[in-house]
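K.L.:
Sharing a structure here in structure tokens format.
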Amino acid sequence: MTISTTTPERVVIVGGGSGMGLALAAALVADGAEVTIAGRSAERLATAGRALADGPGTVRTAVADITREADLERLFADLGPVDHVVATAADATGAYQPVAAFEADLARSLISAKLIGPTLLAKHARFVSGGSLTFTSGIAAYRPAPGGAMVAAVNGALASLGYALAIELGPVRVNVISPGWVDTPIWDTIAGPAKIERHRQLATRLPVGRIGRPDDIAHAMLALMRNPFITGTVLHVDGGHRLV
Ligand SMILES: NC(=O)c1ccc[n+]([C@@H]2O[C@H](COP(=O)([O-])OP(=O)(O)OC[C@H]3O[C@@H](n4cnc5c(N)ncnc54)[C@H](OP(=O)(O)O)[C@@H]3O)[C@@H](O)[C@H]2O)c1
């Protein structure tokens, strides 16, 4: 008798306590993966962990701030080598600011979470064969709005970071996903109560006729993670936003 054993995928999602990271965690857990979701809020992670508890995969939570190198060092020392690492961490607080009122410290926080943090992940993560890193940029790089200069710059830089690390870290694959507007909790910070109207207006302009859902991004991330021939790629999942 042959007993076939397959090792479950081991995946770390920094930012996995909500939004598209949580949708990715749910898809992976449904596939039987061992998923670690990390973020700053233990409460948010616990809520997400309970939502994912029904398996068939497993979920663990880890309080870690992507801007703190010691947190990431500890995270990967605890976990050992993994198959895939995904960064969806971002905090939009203070991210949008007109240049006339530019505050450098707010910009530094944004750069720290979206650009330096993923670079620290690349430094500390350890991968099994076939491993991948996926970063999350965004449509703001390609359709910038007034007040969004730093968001555009950081998202644009993530593409270059992905190209460079794909060369430096190969055979580990490094890719970047660029979402359009997706209805996640980050919008409560970006737009507050104006969110619904802003989403409605954009939906009428997009070729697909709707705003993105976290699952749209999660499924595209799975493709980047699992296809062994994709590296150094920016995948746009934006409902055609770059065309309008
Ligand atoms: N939603 C959109 O329309 C859109 C469009 C383009 C690009 N994006 C990008 O997509 C990514 C995912 O965003 P989302 O829409 O899914 O938003 P979200 O639901 O707010 O998810 C962001 C997650 O990141 C975590 N986080 C924030 N700062 C962190 C830090 N310093 N260290 C570790 N975790 C941190 C947050 O949890 P804690 O607060 O507990 O840490 C939160 O769970 C972000 O990079 C965002 O910029 C989003």
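Going by the structure tokens order, chains are called A, B, ..., each with residues numbered from 1, while ligands are numbered from 1 in the order shown.
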Which residues form the shell of 8 Å around ligand 1 when you count only C-alpha atoms and all ligand atoms, given as a VMD selection string?
P.N.:
chain A and resid 14 to 22 38 to 45 63 to 68 87 to 92 112 to 114 117 135 to 140 178 to 187 212 214
K.L.:
Calculate how many Å separate CA of Leu79 in chain A from CA of His219 in chain A, rounding to one decimal.
P.N.:
24.5 Å
K.L.:
Could you pull out all residues of range 145-199 of chain A with a DSSP call of alpha helix (DSSP H) and give them as a PyMOL selection string?
P.N.:
chain A and resi 149-169+186-190+195-199
K.L.:
Just checking: using only C-alpha atoms, which residue out of A:Leu224, A:Ala149, A:Val128, A:Ile217 ends up closest to Val174 in chain A?
P.N.:
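Selected residue with least distance to Val174 in chain A: A:Leu224.
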K.L.:
Please report, as a PyMOL selection string, each residue of range 8-157 of chain A to which DSSP assigns strand (DSSP E) when run on this structure's backbone.
P.N.:
chain A and resi 10-14+34-39+58-63+82-87+127-136
K.L.:
Which residue gives the smallest distance to Met150 in chain A among A:Gly130, A:Gly94, A:Gly162, A:Gly209, with only C-alpha atoms counted?
P.N.:
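With only C-alpha atoms as the atom set, the closest residue is A:Gly94.
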K.L.:
So that I can see what lies close to range 226-235 of chain A, please list as a list in words the residues with an atom at most 9 Å from it, counting only C-alpha atoms and leaving out residues fewer than 5 positions away in the same chain.
P.N.:
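Within the cut-off, the hits are His84, Gly130, Gly131, Ser132, Ser137, Ala159, Ser160, Gly162, Tyr163, Ala164, Leu165, Ala166, Ile167, Gly170, Val172, Arg173, Val174, Asn175, Val176, Ile177, Ser178, Pro179, Ala220 and Met221 of chain A.
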K.L.:
Pull N, CA and C atoms from the residues just selected and write them as a CSV table (one decimal), in the first residue's frame.
P.N.:
chain,number,residue,atom,x,y,z
A,84,HIS,N,5.4,30.6,1.2
A,84,HIS,CA,5.1,31.9,0.6
A,84,HIS,C,5.0,33.0,1.7
A,130,GLY,N,10.9,26.6,-4.1
A,130,GLY,CA,9.6,27.0,-4.8
A,130,GLY,C,9.0,28.2,-4.1
A,131,GLY,N,9.7,28.8,-3.1
A,131,GLY,CA,9.0,29.9,-2.3
A,131,GLY,C,8.8,31.2,-3.1
A,132,SER,N,8.0,32.0,-2.6
A,132,SER,CA,7.7,33.3,-3.2
A,132,SER,C,7.4,34.4,-2.2
A,137,SER,N,1.1,46.8,-4.1
A,137,SER,CA,1.2,48.2,-4.5
A,137,SER,C,-0.2,48.8,-4.7
A,159,ALA,N,7.0,48.4,-7.4
A,159,ALA,CA,7.3,47.7,-8.7
A,159,ALA,C,8.8,47.5,-8.9
A,160,SER,N,9.5,48.6,-8.7
A,160,SER,CA,11.0,48.5,-8.9
A,160,SER,C,11.6,47.6,-7.8
A,162,GLY,N,10.2,45.0,-6.5
A,162,GLY,CA,9.9,43.7,-6.9
A,162,GLY,C,10.8,43.2,-8.0
A,163,TYR,N,11.1,44.0,-9.0
A,163,TYR,CA,12.0,43.6,-10.1
A,163,TYR,C,13.4,43.3,-9.5
A,164,ALA,N,13.9,44.3,-8.7
A,164,ALA,CA,15.2,44.1,-8.2
A,164,ALA,C,15.4,42.9,-7.3
A,165,LEU,N,14.4,42.6,-6.4
A,165,LEU,CA,14.5,41.5,-5.5
A,165,LEU,C,14.3,40.2,-6.3
A,166,ALA,N,13.6,40.2,-7.4
A,166,ALA,CA,13.4,39.0,-8.2
A,166,ALA,C,14.8,38.5,-8.7
A,167,ILE,N,15.6,39.5,-9.1
A,167,ILE,CA,16.9,39.2,-9.5
A,167,ILE,C,17.8,38.8,-8.4
A,170,GLY,N,16.4,35.3,-6.5
A,170,GLY,CA,16.0,34.1,-7.2
A,170,GLY,C,16.9,32.9,-6.8
A,172,VAL,N,14.0,32.2,-5.3
A,172,VAL,CA,12.8,32.7,-4.7
A,172,VAL,C,12.1,33.7,-5.6
A,173,ARG,N,10.8,33.5,-5.9
A,173,ARG,CA,10.1,34.4,-6.8
A,173,ARG,C,9.6,35.6,-6.0
A,174,VAL,N,9.6,36.8,-6.7
A,174,VAL,CA,9.2,38.0,-6.1
A,174,VAL,C,8.2,38.7,-7.0
A,175,ASN,N,7.0,39.0,-6.6
A,175,ASN,CA,6.0,39.6,-7.5
A,175,ASN,C,5.3,40.7,-6.7
A,176,VAL,N,4.6,41.5,-7.5
A,176,VAL,CA,3.9,42.6,-6.9
A,176,VAL,C,2.5,42.6,-7.5
A,177,ILE,N,1.5,42.8,-6.6
A,177,ILE,CA,0.1,42.9,-7.1
A,177,ILE,C,-0.3,44.3,-7.0
A,178,SER,N,-1.0,44.8,-8.0
A,178,SER,CA,-1.5,46.2,-7.9
A,178,SER,C,-3.0,46.3,-8.0
A,179,PRO,N,-3.6,46.3,-6.8
A,179,PRO,CA,-5.1,46.4,-6.8
A,179,PRO,C,-5.6,47.7,-7.3
A,220,ALA,N,-6.0,36.4,-7.4
A,220,ALA,CA,-4.8,36.8,-8.2
A,220,ALA,C,-3.5,36.5,-7.4
A,221,MET,N,-3.5,36.8,-6.1
A,221,MET,CA,-2.3,36.5,-5.3
A,221,MET,C,-2.0,35.0,-5.4
K.L.:
Please indicate the distance in Å from CA of Leu222 in chain A to CA of Gly32 in chain A, rounded to one decimal place.
P.N.:
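Taking CA of Leu222 in chain A and CA of Gly32 in chain A, their separation equals 13.5 Å.
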K.L.:
Please identify all polymer residues within 8 Å of Pro81 in chain A, counting only C-alpha atoms, omitting same-chain residues fewer than 2 positions from it, and present them as a ChimeraX atom specification.
P.N.:
/A:76,79,83,125-128
K.L.:
So that I can check the surroundings of Lys123 in chain A, please list as a short mmCIF file (atom, residue, chain, number, x, y, z; two decimals) with N, CA and C atoms, in the first residue's frame every protein, DNA and RNA residue that reaches within 10 Å of it, counting only C-alpha atoms and ignoring chain neighbours fewer than 5 positions away.
P.N.:
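The result, written out as result15.cif:
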data_model
loop_
_atom_site.label_atom_id
_atom_site.label_comp_id
_atom_site.auth_asym_id
_atom_site.auth_seq_id
_atom_site.Cartn_x
_atom_site.Cartn_y
_atom_site.Cartn_z
N GLU A 69 11.94 45.77 12.67
CA GLU A 69 12.76 44.65 12.22
C GLU A 69 12.79 43.52 13.26
N LEU A 72 9.91 41.14 12.92
CA LEU A 72 9.98 40.22 11.77
C LEU A 72 11.03 39.14 12.01
N GLU A 73 12.11 39.55 12.64
CA GLU A 73 13.16 38.57 12.98
C GLU A 73 12.58 37.47 13.86
N GLY A 117 9.22 47.95 5.07
CA GLY A 117 8.71 46.72 5.68
C GLY A 117 8.84 45.53 4.75
N PRO A 118 8.35 45.61 3.52
CA PRO A 118 8.52 44.48 2.60
C PRO A 118 10.00 44.12 2.37
N LEU A 169 17.08 37.65 -5.28
CA LEU A 169 16.70 36.52 -4.41
C LEU A 169 16.40 35.23 -5.15
#
K.L.:
Can you pull out every residue within 12 Å of Ala53 in chain A, counting only C-alpha atoms, but drop anything in the same chain fewer than 3 positions away, and send it as a short mmCIF file (atom, residue, chain, number, x, y, z; two decimals) with N, CA and C atoms, in the first residue's frame?
P.N.:
data_model
loop_
_atom_site.label_atom_id
_atom_site.label_comp_id
_atom_site.auth_asym_id
_atom_site.auth_seq_id
_atom_site.Cartn_x
_atom_site.Cartn_y
_atom_site.Cartn_z
N ALA A 25 -6.04 34.65 3.27
CA ALA A 25 -5.93 33.66 4.34
C ALA A 25 -7.10 32.67 4.27
N ALA A 26 -8.31 33.19 4.05
CA ALA A 26 -9.50 32.33 3.99
C ALA A 26 -9.39 31.34 2.83
N VAL A 29 -6.74 28.70 3.80
CA VAL A 29 -7.22 27.78 4.84
C VAL A 29 -8.24 26.80 4.22
N ALA A 30 -9.05 27.30 3.31
CA ALA A 30 -10.02 26.42 2.62
C ALA A 30 -9.30 25.36 1.80
N GLY A 32 -6.49 23.97 2.78
CA GLY A 32 -5.72 23.10 3.68
C GLY A 32 -4.36 23.63 4.08
N GLU A 34 -1.32 25.91 5.99
CA GLU A 34 -0.99 26.40 7.34
C GLU A 34 -0.67 27.88 7.21
N VAL A 35 -1.54 28.71 7.71
CA VAL A 35 -1.43 30.15 7.46
C VAL A 35 -1.13 30.89 8.75
N LEU A 45 -6.54 40.47 14.99
CA LEU A 45 -6.05 39.15 14.58
C LEU A 45 -6.89 38.04 15.20
N ALA A 46 -7.28 38.24 16.47
CA ALA A 46 -8.08 37.21 17.15
C ALA A 46 -9.43 37.05 16.46
N THR A 47 -10.05 38.18 16.10
CA THR A 47 -11.33 38.12 15.39
C THR A 47 -11.17 37.39 14.06
N ALA A 48 -10.10 37.73 13.34
CA ALA A 48 -9.85 37.07 12.05
C ALA A 48 -9.58 35.58 12.26
N GLY A 49 -8.80 35.27 13.29
CA GLY A 49 -8.46 33.88 13.58
C GLY A 49 -9.72 33.05 13.84
N ARG A 50 -10.67 33.64 14.59
CA ARG A 50 -11.92 32.91 14.87
C ARG A 50 -12.70 32.68 13.57
N PRO A 56 -10.39 23.51 6.37
CA PRO A 56 -9.56 22.37 6.79
C PRO A 56 -8.10 22.72 7.09
N GLY A 57 -7.63 23.86 6.67
CA GLY A 57 -6.26 24.26 7.03
C GLY A 57 -6.23 24.80 8.44
N THR A 58 -5.07 25.36 8.80
CA THR A 58 -4.93 25.92 10.14
C THR A 58 -4.50 27.37 10.05
N VAL A 59 -4.83 28.12 11.10
CA VAL A 59 -4.41 29.51 11.14
C VAL A 59 -3.78 29.79 12.49
N ARG A 60 -2.68 30.54 12.45
CA ARG A 60 -2.15 31.06 13.70
C ARG A 60 -1.98 32.56 13.54
N THR A 61 -1.97 33.26 14.65
CA THR A 61 -1.86 34.71 14.60
C THR A 61 -0.54 35.13 15.25
#
K.L.:
Looking at only C-alpha atoms, which of A:Val86, A:Pro171, A:Gly156, A:Arg213 is the one that sits closest to Arg143 in chain A?
P.N.:
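The closest residue to Arg143 in chain A is A:Gly156.
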K.L.:
Which distance in Å separates CA of Leu206 in chain A and CA of Val237 in chain A, to one decimal?
P.N.:
12.2 Å
K.L.:
Measuring atom to atom with only C-alpha atoms, identify which of A:Ala70, A:Leu28, A:Ala101, A:Leu243 is nearest to Leu120 in chain A.
P.N.:
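Distance minimum relative to Leu120 in chain A lands on A:Ala70.
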K.L.:
Can you work out which one of A:Leu24, A:Val151, A:Leu52, A:Ala77 has the shortest atom-to-atom distance to Pro98 in chain A, counting only C-alpha atoms?
P.N.:
A:Val151
K.L.:
Go through A:Arg242, A:Gly192, A:Leu202, A:Leu115 one by one, measure the shortest atom-to-atom distance of each to Pro144 in chain A using only C-alpha atoms, and give the residue with the smallest value.
P.N.:
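Ranking A:Arg242, A:Gly192, A:Leu202, A:Leu115 by distance to Pro144 in chain A, first place goes to A:Arg242.
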